[in-house]
>>> print(open('my_file-v5.txt').read())   # compact mmCIF, N, CA and C atoms
# COMPACT_ATOMS: atom_id res chain seq x y z
N MET A 104 -7.45 -49.51 60.46
CA MET A 104 -7.60 -48.43 59.53
C MET A 104 -7.55 -48.97 58.10
N LEU A 105 -6.63 -49.90 57.85
CA LEU A 105 -6.51 -50.48 56.52
C LEU A 105 -7.81 -51.18 56.11
N LYS A 106 -8.36 -51.95 57.03
CA LYS A 106 -9.58 -52.69 56.73
C LYS A 106 -10.74 -51.73 56.40
N ALA A 107 -10.89 -50.69 57.19
CA ALA A 107 -11.97 -49.73 56.96
C ALA A 107 -11.78 -48.97 55.65
N LEU A 108 -10.57 -48.48 55.41
CA LEU A 108 -10.31 -47.73 54.17
C LEU A 108 -10.46 -48.63 52.94
N SER A 109 -10.04 -49.88 53.06
CA SER A 109 -10.18 -50.81 51.94
C SER A 109 -11.65 -51.07 51.63
N ALA A 110 -12.43 -51.29 52.67
CA ALA A 110 -13.87 -51.52 52.47
C ALA A 110 -14.54 -50.31 51.84
N MET A 111 -14.21 -49.13 52.33
CA MET A 111 -14.81 -47.92 51.77
C MET A 111 -14.36 -47.70 50.32
N SER A 112 -13.12 -48.01 50.03
CA SER A 112 -12.61 -47.88 48.67
C SER A 112 -13.33 -48.84 47.73
N ASP A 113 -13.52 -50.07 48.18
CA ASP A 113 -14.22 -51.06 47.36
C ASP A 113 -15.64 -50.63 47.05
N VAL A 114 -16.34 -50.15 48.06
CA VAL A 114 -17.72 -49.69 47.86
C VAL A 114 -17.73 -48.47 46.94
N SER A 115 -16.80 -47.56 47.13
CA SER A 115 -16.72 -46.38 46.28
C SER A 115 -16.52 -46.75 44.82
N LYS A 116 -15.67 -47.73 44.56
CA LYS A 116 -15.44 -48.18 43.18
C LYS A 116 -16.73 -48.73 42.58
N GLU A 117 -17.45 -49.54 43.35
CA GLU A 117 -18.69 -50.12 42.84
C GLU A 117 -19.76 -49.06 42.60
N VAL A 118 -19.88 -48.12 43.51
CA VAL A 118 -20.85 -47.04 43.34
C VAL A 118 -20.50 -46.20 42.10
N THR A 119 -19.23 -45.94 41.92
CA THR A 119 -18.80 -45.17 40.75
C THR A 119 -19.08 -45.94 39.47
N ARG A 120 -18.81 -47.25 39.47
CA ARG A 120 -19.10 -48.07 38.28
C ARG A 120 -20.59 -48.06 37.95
N LEU A 121 -21.42 -48.19 38.98
CA LEU A 121 -22.86 -48.13 38.75
C LEU A 121 -23.27 -46.79 38.17
N ASN A 122 -22.69 -45.74 38.71
CA ASN A 122 -23.01 -44.39 38.24
C ASN A 122 -22.59 -44.20 36.78
N VAL A 123 -21.41 -44.68 36.43
CA VAL A 123 -20.94 -44.56 35.05
C VAL A 123 -21.83 -45.37 34.11
N TYR A 124 -22.14 -46.60 34.50
CA TYR A 124 -23.00 -47.43 33.67
C TYR A 124 -24.36 -46.75 33.46
N ALA A 125 -24.96 -46.30 34.54
CA ALA A 125 -26.29 -45.67 34.44
C ALA A 125 -26.22 -44.42 33.57
N SER A 126 -25.18 -43.64 33.74
CA SER A 126 -25.02 -42.42 32.97
C SER A 126 -24.87 -42.72 31.48
N LEU A 127 -24.03 -43.68 31.15
CA LEU A 127 -23.84 -44.04 29.74
C LEU A 127 -25.12 -44.61 29.14
N LYS A 128 -25.80 -45.46 29.90
CA LYS A 128 -27.05 -46.04 29.42
C LYS A 128 -28.10 -44.95 29.24
N GLY A 129 -28.14 -44.01 30.18
CA GLY A 129 -29.10 -42.92 30.09
C GLY A 129 -28.83 -41.99 28.93
N ASP A 130 -27.57 -41.86 28.54
CA ASP A 130 -27.20 -41.00 27.42
C ASP A 130 -27.50 -41.62 26.06
N GLU A 131 -27.69 -42.94 26.03
CA GLU A 131 -27.99 -43.60 24.75
C GLU A 131 -29.27 -43.06 24.13
N ASP A 132 -30.29 -42.90 24.96
CA ASP A 132 -31.57 -42.38 24.48
C ASP A 132 -32.28 -41.75 25.67
N VAL A 133 -32.26 -40.43 25.74
CA VAL A 133 -32.82 -39.73 26.90
C VAL A 133 -34.34 -39.85 27.00
N ARG A 134 -34.96 -40.46 26.01
CA ARG A 134 -36.42 -40.63 26.05
C ARG A 134 -36.83 -41.88 26.83
N VAL A 135 -35.89 -42.74 27.16
CA VAL A 135 -36.21 -43.98 27.87
C VAL A 135 -36.27 -43.66 29.36
N ALA A 136 -37.49 -43.65 29.88
CA ALA A 136 -37.72 -43.25 31.27
C ALA A 136 -37.00 -44.16 32.26
N LYS A 137 -36.99 -45.44 32.00
CA LYS A 137 -36.36 -46.40 32.93
C LYS A 137 -34.86 -46.09 33.05
N ASP A 138 -34.22 -45.74 31.96
CA ASP A 138 -32.79 -45.41 32.01
C ASP A 138 -32.55 -44.08 32.72
N GLN A 139 -33.44 -43.14 32.55
CA GLN A 139 -33.30 -41.86 33.24
C GLN A 139 -33.51 -42.03 34.74
N GLU A 140 -34.43 -42.93 35.09
CA GLU A 140 -34.63 -43.24 36.50
C GLU A 140 -33.36 -43.87 37.08
N ARG A 141 -32.75 -44.76 36.32
CA ARG A 141 -31.52 -45.42 36.76
C ARG A 141 -30.41 -44.38 37.01
N VAL A 142 -30.33 -43.38 36.14
CA VAL A 142 -29.34 -42.31 36.31
C VAL A 142 -29.59 -41.58 37.63
N GLN A 143 -30.84 -41.24 37.88
CA GLN A 143 -31.17 -40.52 39.12
C GLN A 143 -30.89 -41.36 40.36
N LEU A 144 -31.23 -42.63 40.29
CA LEU A 144 -30.97 -43.51 41.43
C LEU A 144 -29.47 -43.68 41.68
N ALA A 145 -28.70 -43.79 40.61
CA ALA A 145 -27.25 -43.92 40.76
C ALA A 145 -26.66 -42.64 41.36
N GLN A 146 -27.14 -41.49 40.93
CA GLN A 146 -26.67 -40.23 41.49
C GLN A 146 -27.04 -40.13 42.97
N ALA A 147 -28.24 -40.57 43.30
CA ALA A 147 -28.67 -40.54 44.69
C ALA A 147 -27.81 -41.48 45.54
N LEU A 148 -27.49 -42.64 44.99
CA LEU A 148 -26.64 -43.59 45.71
C LEU A 148 -25.26 -42.99 45.96
N GLN A 149 -24.71 -42.33 44.95
CA GLN A 149 -23.40 -41.72 45.12
C GLN A 149 -23.46 -40.60 46.18
N SER A 150 -24.51 -39.82 46.15
CA SER A 150 -24.67 -38.78 47.17
C SER A 150 -24.81 -39.38 48.56
N ARG A 151 -25.59 -40.44 48.66
CA ARG A 151 -25.79 -41.10 49.95
C ARG A 151 -24.48 -41.68 50.48
N PHE A 152 -23.70 -42.27 49.58
CA PHE A 152 -22.40 -42.81 49.99
C PHE A 152 -21.50 -41.68 50.50
N GLY A 153 -21.49 -40.56 49.80
CA GLY A 153 -20.71 -39.41 50.26
C GLY A 153 -21.16 -38.92 51.62
N GLU A 154 -22.47 -38.93 51.82
CA GLU A 154 -23.02 -38.50 53.12
C GLU A 154 -22.61 -39.45 54.23
N LYS A 155 -22.68 -40.74 53.96
CA LYS A 155 -22.38 -41.74 54.99
C LYS A 155 -20.89 -41.84 55.30
N THR A 156 -20.05 -41.35 54.44
CA THR A 156 -18.60 -41.42 54.66
C THR A 156 -17.98 -40.05 54.93
N ALA A 157 -18.80 -39.03 55.08
CA ALA A 157 -18.29 -37.67 55.28
C ALA A 157 -17.55 -37.52 56.61
N TRP A 158 -17.75 -38.42 57.52
CA TRP A 158 -17.10 -38.36 58.83
C TRP A 158 -15.61 -38.71 58.77
N LEU A 159 -15.18 -39.36 57.69
CA LEU A 159 -13.84 -39.92 57.64
C LEU A 159 -12.73 -38.87 57.77
N SER A 160 -12.76 -37.84 56.96
CA SER A 160 -11.69 -36.83 57.01
C SER A 160 -11.57 -36.17 58.38
N PRO A 161 -12.67 -35.70 58.97
CA PRO A 161 -12.54 -35.11 60.31
C PRO A 161 -11.98 -36.09 61.35
N GLU A 162 -12.33 -37.36 61.23
CA GLU A 162 -11.83 -38.35 62.18
C GLU A 162 -10.34 -38.60 62.00
N VAL A 163 -9.89 -38.69 60.75
CA VAL A 163 -8.46 -38.90 60.50
C VAL A 163 -7.68 -37.70 61.01
N ILE A 164 -8.21 -36.51 60.80
CA ILE A 164 -7.56 -35.28 61.29
C ILE A 164 -7.51 -35.29 62.81
N ALA A 165 -8.60 -35.73 63.43
CA ALA A 165 -8.65 -35.77 64.90
C ALA A 165 -7.64 -36.77 65.48
N VAL A 166 -7.39 -37.86 64.77
CA VAL A 166 -6.41 -38.85 65.23
C VAL A 166 -5.02 -38.20 65.28
N GLY A 167 -4.76 -37.34 64.32
CA GLY A 167 -3.49 -36.62 64.30
C GLY A 167 -2.45 -37.27 63.41
N PRO A 168 -1.59 -36.45 62.84
CA PRO A 168 -0.60 -36.97 61.90
C PRO A 168 0.38 -37.96 62.52
N LYS A 169 0.72 -37.75 63.78
CA LYS A 169 1.68 -38.65 64.44
C LYS A 169 1.12 -40.07 64.52
N LYS A 170 -0.12 -40.19 64.95
CA LYS A 170 -0.76 -41.50 65.09
C LYS A 170 -0.98 -42.15 63.72
N VAL A 171 -1.36 -41.35 62.73
CA VAL A 171 -1.56 -41.89 61.38
C VAL A 171 -0.24 -42.42 60.84
N HIS A 172 0.86 -41.71 61.06
CA HIS A 172 2.18 -42.18 60.64
C HIS A 172 2.55 -43.49 61.35
N GLU A 173 2.17 -43.61 62.61
CA GLU A 173 2.41 -44.86 63.34
C GLU A 173 1.64 -46.02 62.69
N PHE A 174 0.40 -45.76 62.33
CA PHE A 174 -0.40 -46.78 61.64
C PHE A 174 0.27 -47.17 60.32
N GLU A 175 0.77 -46.18 59.61
CA GLU A 175 1.42 -46.45 58.32
C GLU A 175 2.71 -47.26 58.50
N LYS A 176 3.45 -46.96 59.56
CA LYS A 176 4.68 -47.73 59.83
C LYS A 176 4.36 -49.18 60.16
N GLN A 177 3.25 -49.40 60.85
CA GLN A 177 2.85 -50.75 61.25
C GLN A 177 2.29 -51.56 60.07
N SER A 178 1.80 -50.86 59.06
CA SER A 178 1.14 -51.55 57.95
C SER A 178 1.65 -51.03 56.60
N PRO A 179 2.57 -51.76 56.00
CA PRO A 179 3.04 -51.35 54.67
C PRO A 179 1.90 -51.31 53.64
N GLU A 180 0.91 -52.18 53.81
CA GLU A 180 -0.24 -52.18 52.90
C GLU A 180 -1.03 -50.86 53.00
N LEU A 181 -1.18 -50.36 54.21
CA LEU A 181 -1.86 -49.08 54.40
C LEU A 181 -1.11 -47.98 53.66
N THR A 182 0.19 -47.96 53.81
CA THR A 182 1.02 -46.96 53.13
C THR A 182 0.94 -47.13 51.62
N LYS A 183 1.04 -48.36 51.18
CA LYS A 183 1.03 -48.64 49.73
C LYS A 183 -0.26 -48.16 49.07
N HIS A 184 -1.39 -48.42 49.70
CA HIS A 184 -2.68 -48.15 49.06
C HIS A 184 -3.29 -46.80 49.42
N PHE A 185 -2.97 -46.27 50.60
CA PHE A 185 -3.69 -45.09 51.05
C PHE A 185 -2.82 -43.93 51.50
N ASP A 186 -1.52 -43.99 51.27
CA ASP A 186 -0.62 -42.91 51.69
C ASP A 186 -1.02 -41.57 51.08
N PHE A 187 -1.23 -41.54 49.78
CA PHE A 187 -1.60 -40.29 49.10
C PHE A 187 -2.94 -39.76 49.63
N TYR A 188 -3.89 -40.66 49.79
CA TYR A 188 -5.22 -40.28 50.30
C TYR A 188 -5.12 -39.68 51.70
N LEU A 189 -4.37 -40.33 52.58
CA LEU A 189 -4.21 -39.82 53.95
C LEU A 189 -3.45 -38.49 53.97
N ASP A 190 -2.45 -38.36 53.10
CA ASP A 190 -1.73 -37.08 53.00
C ASP A 190 -2.68 -35.96 52.55
N ASN A 191 -3.55 -36.26 51.61
CA ASN A 191 -4.52 -35.26 51.15
C ASN A 191 -5.46 -34.84 52.27
N ILE A 192 -5.87 -35.78 53.08
CA ILE A 192 -6.72 -35.44 54.22
C ILE A 192 -5.98 -34.50 55.16
N ARG A 193 -4.72 -34.81 55.45
CA ARG A 193 -3.94 -33.95 56.35
C ARG A 193 -3.74 -32.56 55.75
N ARG A 194 -3.47 -32.51 54.46
CA ARG A 194 -3.30 -31.20 53.81
C ARG A 194 -4.59 -30.38 53.83
N GLY A 195 -5.71 -31.06 53.79
CA GLY A 195 -6.99 -30.37 53.78
C GLY A 195 -7.52 -30.01 55.15
N ALA A 196 -6.77 -30.33 56.19
CA ALA A 196 -7.23 -30.11 57.57
C ALA A 196 -7.73 -28.68 57.82
N PRO A 197 -7.04 -27.64 57.35
CA PRO A 197 -7.53 -26.28 57.64
C PRO A 197 -8.89 -25.98 56.99
N HIS A 198 -9.26 -26.79 56.01
CA HIS A 198 -10.51 -26.54 55.29
C HIS A 198 -11.58 -27.58 55.59
N THR A 199 -11.33 -28.44 56.55
CA THR A 199 -12.25 -29.51 56.89
C THR A 199 -13.10 -29.11 58.09
N LEU A 200 -14.39 -29.34 57.95
CA LEU A 200 -15.34 -28.99 59.01
C LEU A 200 -15.45 -30.13 60.01
N SER A 201 -16.27 -29.94 61.03
CA SER A 201 -16.54 -31.00 62.00
C SER A 201 -17.27 -32.15 61.30
N PRO A 202 -17.28 -33.34 61.91
CA PRO A 202 -18.01 -34.46 61.29
C PRO A 202 -19.47 -34.13 61.01
N GLU A 203 -20.11 -33.43 61.92
CA GLU A 203 -21.51 -33.07 61.74
C GLU A 203 -21.68 -32.11 60.56
N SER A 204 -20.80 -31.12 60.48
CA SER A 204 -20.89 -30.15 59.38
C SER A 204 -20.56 -30.78 58.04
N GLU A 205 -19.58 -31.67 58.02
CA GLU A 205 -19.24 -32.37 56.78
C GLU A 205 -20.42 -33.23 56.34
N ASN A 206 -21.12 -33.83 57.28
CA ASN A 206 -22.29 -34.64 56.96
C ASN A 206 -23.41 -33.78 56.37
N VAL A 207 -23.61 -32.60 56.92
CA VAL A 207 -24.64 -31.69 56.39
C VAL A 207 -24.28 -31.27 54.97
N MET A 208 -23.00 -30.97 54.74
CA MET A 208 -22.57 -30.58 53.40
C MET A 208 -22.78 -31.72 52.41
N ALA A 209 -22.47 -32.93 52.82
CA ALA A 209 -22.65 -34.09 51.94
C ALA A 209 -24.14 -34.32 51.69
N ALA A 210 -24.96 -34.16 52.71
CA ALA A 210 -26.40 -34.36 52.56
C ALA A 210 -27.01 -33.30 51.65
N ALA A 211 -26.43 -32.12 51.63
CA ALA A 211 -26.96 -31.04 50.80
C ALA A 211 -26.83 -31.37 49.32
N SER A 212 -25.91 -32.26 48.98
CA SER A 212 -25.75 -32.62 47.57
C SER A 212 -26.81 -33.61 47.12
N GLU A 213 -27.49 -34.22 48.08
CA GLU A 213 -28.52 -35.20 47.73
C GLU A 213 -29.74 -34.47 47.19
N ARG A 214 -30.30 -35.04 46.16
CA ARG A 214 -31.50 -34.45 45.56
C ARG A 214 -32.72 -34.72 46.44
N SER A 215 -33.71 -33.89 46.32
CA SER A 215 -34.91 -34.05 47.14
C SER A 215 -36.02 -34.75 46.37
N ASP A 216 -35.70 -35.47 45.33
CA ASP A 216 -36.67 -36.20 44.53
C ASP A 216 -37.28 -37.33 45.37
N PRO A 217 -38.61 -37.40 45.48
CA PRO A 217 -39.24 -38.46 46.28
C PRO A 217 -38.88 -39.87 45.81
N ALA A 218 -38.55 -40.05 44.55
CA ALA A 218 -38.18 -41.36 44.04
C ALA A 218 -36.90 -41.87 44.67
N GLU A 219 -36.11 -40.98 45.23
CA GLU A 219 -34.83 -41.35 45.82
C GLU A 219 -34.92 -41.62 47.30
N GLN A 220 -36.06 -41.43 47.90
CA GLN A 220 -36.21 -41.57 49.34
C GLN A 220 -36.05 -42.99 49.84
N HIS A 221 -36.18 -43.97 48.97
CA HIS A 221 -36.09 -45.36 49.41
C HIS A 221 -34.65 -45.83 49.61
N LEU A 222 -33.67 -45.05 49.25
CA LEU A 222 -32.27 -45.49 49.41
C LEU A 222 -31.90 -45.48 50.84
>>> encode(input="my_file-v5.txt", output="structure tokens")
Amino acid sequence: MLKALSAMSDVSKEVTRLNVYASLKGDEDVRVAKDQERVQLAQALQSRFGEKTAWLSPEVIAVGPKKVHEFEKQSPELTKHFDFYLDNIRRGAPHTLSPESENVMAAASERSDPAEQHL
């Protein structure tokens, strides 16, 4: 669990950094088409990442709080880095859909611009 959450966290940080960079660059001069394209591609990447990781919360909920606590007891690093995140997932359980439904919701945020289809 630690390895998977760490990998997803690392990718999330990089995607967010790309999105911030593209957004700031795009705001410098909105007339520069290449920068506006970069903004759209970064937004599409962030949406795609959300779509591809939407399964996580339903899966953690399905594992159950007892098993997650066992994982945390076995790995102090897991607790140190992801305790708050895992607690938030558990608190959100009543409002979390199935993995398929969460994926549909995440996909709905993706834009339908043909330029983004190559991601």
>>> select_by_dssp(input="my_file-v5.txt", residues="chain A", states="helix (DSSP H, G or I)", output="ChimeraX atom specification")
/A:105-131,136-155,159-166,168-177,179-194,196-198,202-211,217-219
>>> closest_residue(input="my_file-v5.txt", among="A:Glu154, A:Ala145, A:Asp138, A:Asp113", to="A:Asn206", atoms="all atoms listed in the file")
A:Glu154
>>> closest_residue(input="my_file-v5.txt", among="A:Leu148, A:Val163, A:Leu105, A:Val135", to="A:Leu121", atoms="only C-alpha atoms")
A:Leu148
>>> atom_distance(input="my_file-v5.txt", atom1="atom CA of A:Ile192", atom2="atom N of A:Val118")
21.2 Å
>>> residues_around(input="my_file-v5.txt", residues="A:Trp158", least_positions_apart="2", cutoff="10 Å", atoms="only C-alpha atoms", output="PyMOL selection string")
chain A and resi 153-156+160-163+200-206+209
>>> closest_residue(input="my_file-v5.txt", among="A:Glu175, A:Arg194, A:Val133, A:Thr119", to="A:Gln149", atoms="all atoms listed in the file")
A:Thr119
>>> axis_aligned_box(input="my_file-v5.txt", around="stretch 136-143 of chain A", padding_each_side="5 Å", output="lines of an AutoDock Vina configuration file")
center_x = -33.5
center_y = -43.5
center_z = 35.1
size_x = 18.4
size_y = 15.9
size_z = 20.5
>>> residues_around(input="my_file-v5.txt", residues="A:Val142", least_positions_apart="6", cutoff="7 Å", atoms="all atoms listed in the file", output="ChimeraX atom specification")
/A:122,125-126,129
>>> closest_residue(input="my_file-v5.txt", among="A:Arg141, A:Pro168, A:Phe185, A:Pro179", to="A:Ala107", atoms="only C-alpha atoms")
A:Phe185
>>> closest_residue(input="my_file-v5.txt", among="A:Val114, A:Val123, A:Ala136, A:Ala157", to="A:Val207", atoms="all atoms listed in the file")
A:Ala157
>>> closest_residue(input="my_file-v5.txt", among="A:Ala196, A:Val166, A:Leu181, A:Ala147", to="A:Ala210", atoms="only C-alpha atoms")
A:Ala147
>>> atom_distance(input="my_file-v5.txt", atom1="atom CA of A:Phe152", atom2="atom CA of A:Met111")
9.3 Å
>>> atom_distance(input="my_file-v5.txt", atom1="atom C of A:Glu131", atom2="atom CA of A:Leu144")
17.4 Å
>>> build_atoms(input="my_file-v5.txt", residues="stretch 200-211 of chain A", atoms="all heavy atoms", output="compact mmCIF listing (two decimals), in the coordinates of the input")
# COMPACT_ATOMS: atom_id res chain seq x y z
N LEU A 200 -14.39 -29.34 57.95
CA LEU A 200 -15.34 -28.99 59.01
C LEU A 200 -15.45 -30.13 60.01
O LEU A 200 -14.84 -31.19 59.85
CB LEU A 200 -16.70 -28.71 58.38
CG LEU A 200 -16.72 -27.61 57.31
CD1 LEU A 200 -18.07 -27.57 56.62
CD2 LEU A 200 -16.38 -26.26 57.90
N SER A 201 -16.27 -29.94 61.03
CA SER A 201 -16.54 -31.00 62.00
C SER A 201 -17.27 -32.15 61.30
O SER A 201 -17.84 -31.96 60.22
CB SER A 201 -17.41 -30.46 63.13
OG SER A 201 -18.71 -30.19 62.63
N PRO A 202 -17.28 -33.34 61.91
CA PRO A 202 -18.01 -34.46 61.29
C PRO A 202 -19.47 -34.13 61.01
O PRO A 202 -20.01 -34.47 59.96
CB PRO A 202 -17.89 -35.58 62.32
CG PRO A 202 -16.64 -35.28 63.08
CD PRO A 202 -16.58 -33.77 63.12
N GLU A 203 -20.11 -33.43 61.92
CA GLU A 203 -21.51 -33.07 61.74
C GLU A 203 -21.68 -32.11 60.56
O GLU A 203 -22.58 -32.26 59.74
CB GLU A 203 -22.09 -32.42 63.02
CG GLU A 203 -22.14 -33.35 64.21
CD GLU A 203 -20.79 -33.49 64.93
OE1 GLU A 203 -19.88 -32.66 64.71
OE2 GLU A 203 -20.65 -34.44 65.71
N SER A 204 -20.80 -31.12 60.48
CA SER A 204 -20.89 -30.15 59.38
C SER A 204 -20.56 -30.78 58.04
O SER A 204 -21.20 -30.48 57.03
CB SER A 204 -19.94 -28.98 59.64
OG SER A 204 -20.32 -28.29 60.82
N GLU A 205 -19.58 -31.67 58.02
CA GLU A 205 -19.24 -32.37 56.78
C GLU A 205 -20.42 -33.23 56.34
O GLU A 205 -20.72 -33.33 55.15
CB GLU A 205 -17.99 -33.24 56.96
CG GLU A 205 -16.70 -32.47 57.07
CD GLU A 205 -16.27 -31.79 55.77
OE1 GLU A 205 -16.70 -32.23 54.68
OE2 GLU A 205 -15.50 -30.83 55.85
N ASN A 206 -21.12 -33.83 57.28
CA ASN A 206 -22.29 -34.64 56.96
C ASN A 206 -23.41 -33.78 56.37
O ASN A 206 -24.06 -34.17 55.40
CB ASN A 206 -22.78 -35.38 58.21
CG ASN A 206 -23.78 -36.46 57.85
OD1 ASN A 206 -23.65 -37.11 56.83
ND2 ASN A 206 -24.76 -36.64 58.70
N VAL A 207 -23.61 -32.60 56.92
CA VAL A 207 -24.64 -31.69 56.39
C VAL A 207 -24.28 -31.27 54.97
O VAL A 207 -25.14 -31.24 54.09
CB VAL A 207 -24.79 -30.44 57.31
CG1 VAL A 207 -25.62 -29.37 56.63
CG2 VAL A 207 -25.41 -30.85 58.63
N MET A 208 -23.00 -30.97 54.74
CA MET A 208 -22.57 -30.58 53.40
C MET A 208 -22.78 -31.72 52.41
O MET A 208 -23.24 -31.51 51.28
CB MET A 208 -21.10 -30.16 53.41
CG MET A 208 -20.82 -28.90 54.20
SD MET A 208 -21.59 -27.45 53.48
CE MET A 208 -20.59 -27.27 52.01
N ALA A 209 -22.47 -32.93 52.82
CA ALA A 209 -22.65 -34.09 51.94
C ALA A 209 -24.14 -34.32 51.69
O ALA A 209 -24.54 -34.63 50.57
CB ALA A 209 -22.02 -35.32 52.55
N ALA A 210 -24.96 -34.16 52.71
CA ALA A 210 -26.40 -34.36 52.56
C ALA A 210 -27.01 -33.30 51.65
O ALA A 210 -27.99 -33.57 50.95
CB ALA A 210 -27.09 -34.35 53.92
N ALA A 211 -26.43 -32.12 51.63
CA ALA A 211 -26.96 -31.04 50.80
C ALA A 211 -26.83 -31.37 49.32
O ALA A 211 -27.58 -30.85 48.50
CB ALA A 211 -26.25 -29.73 51.11
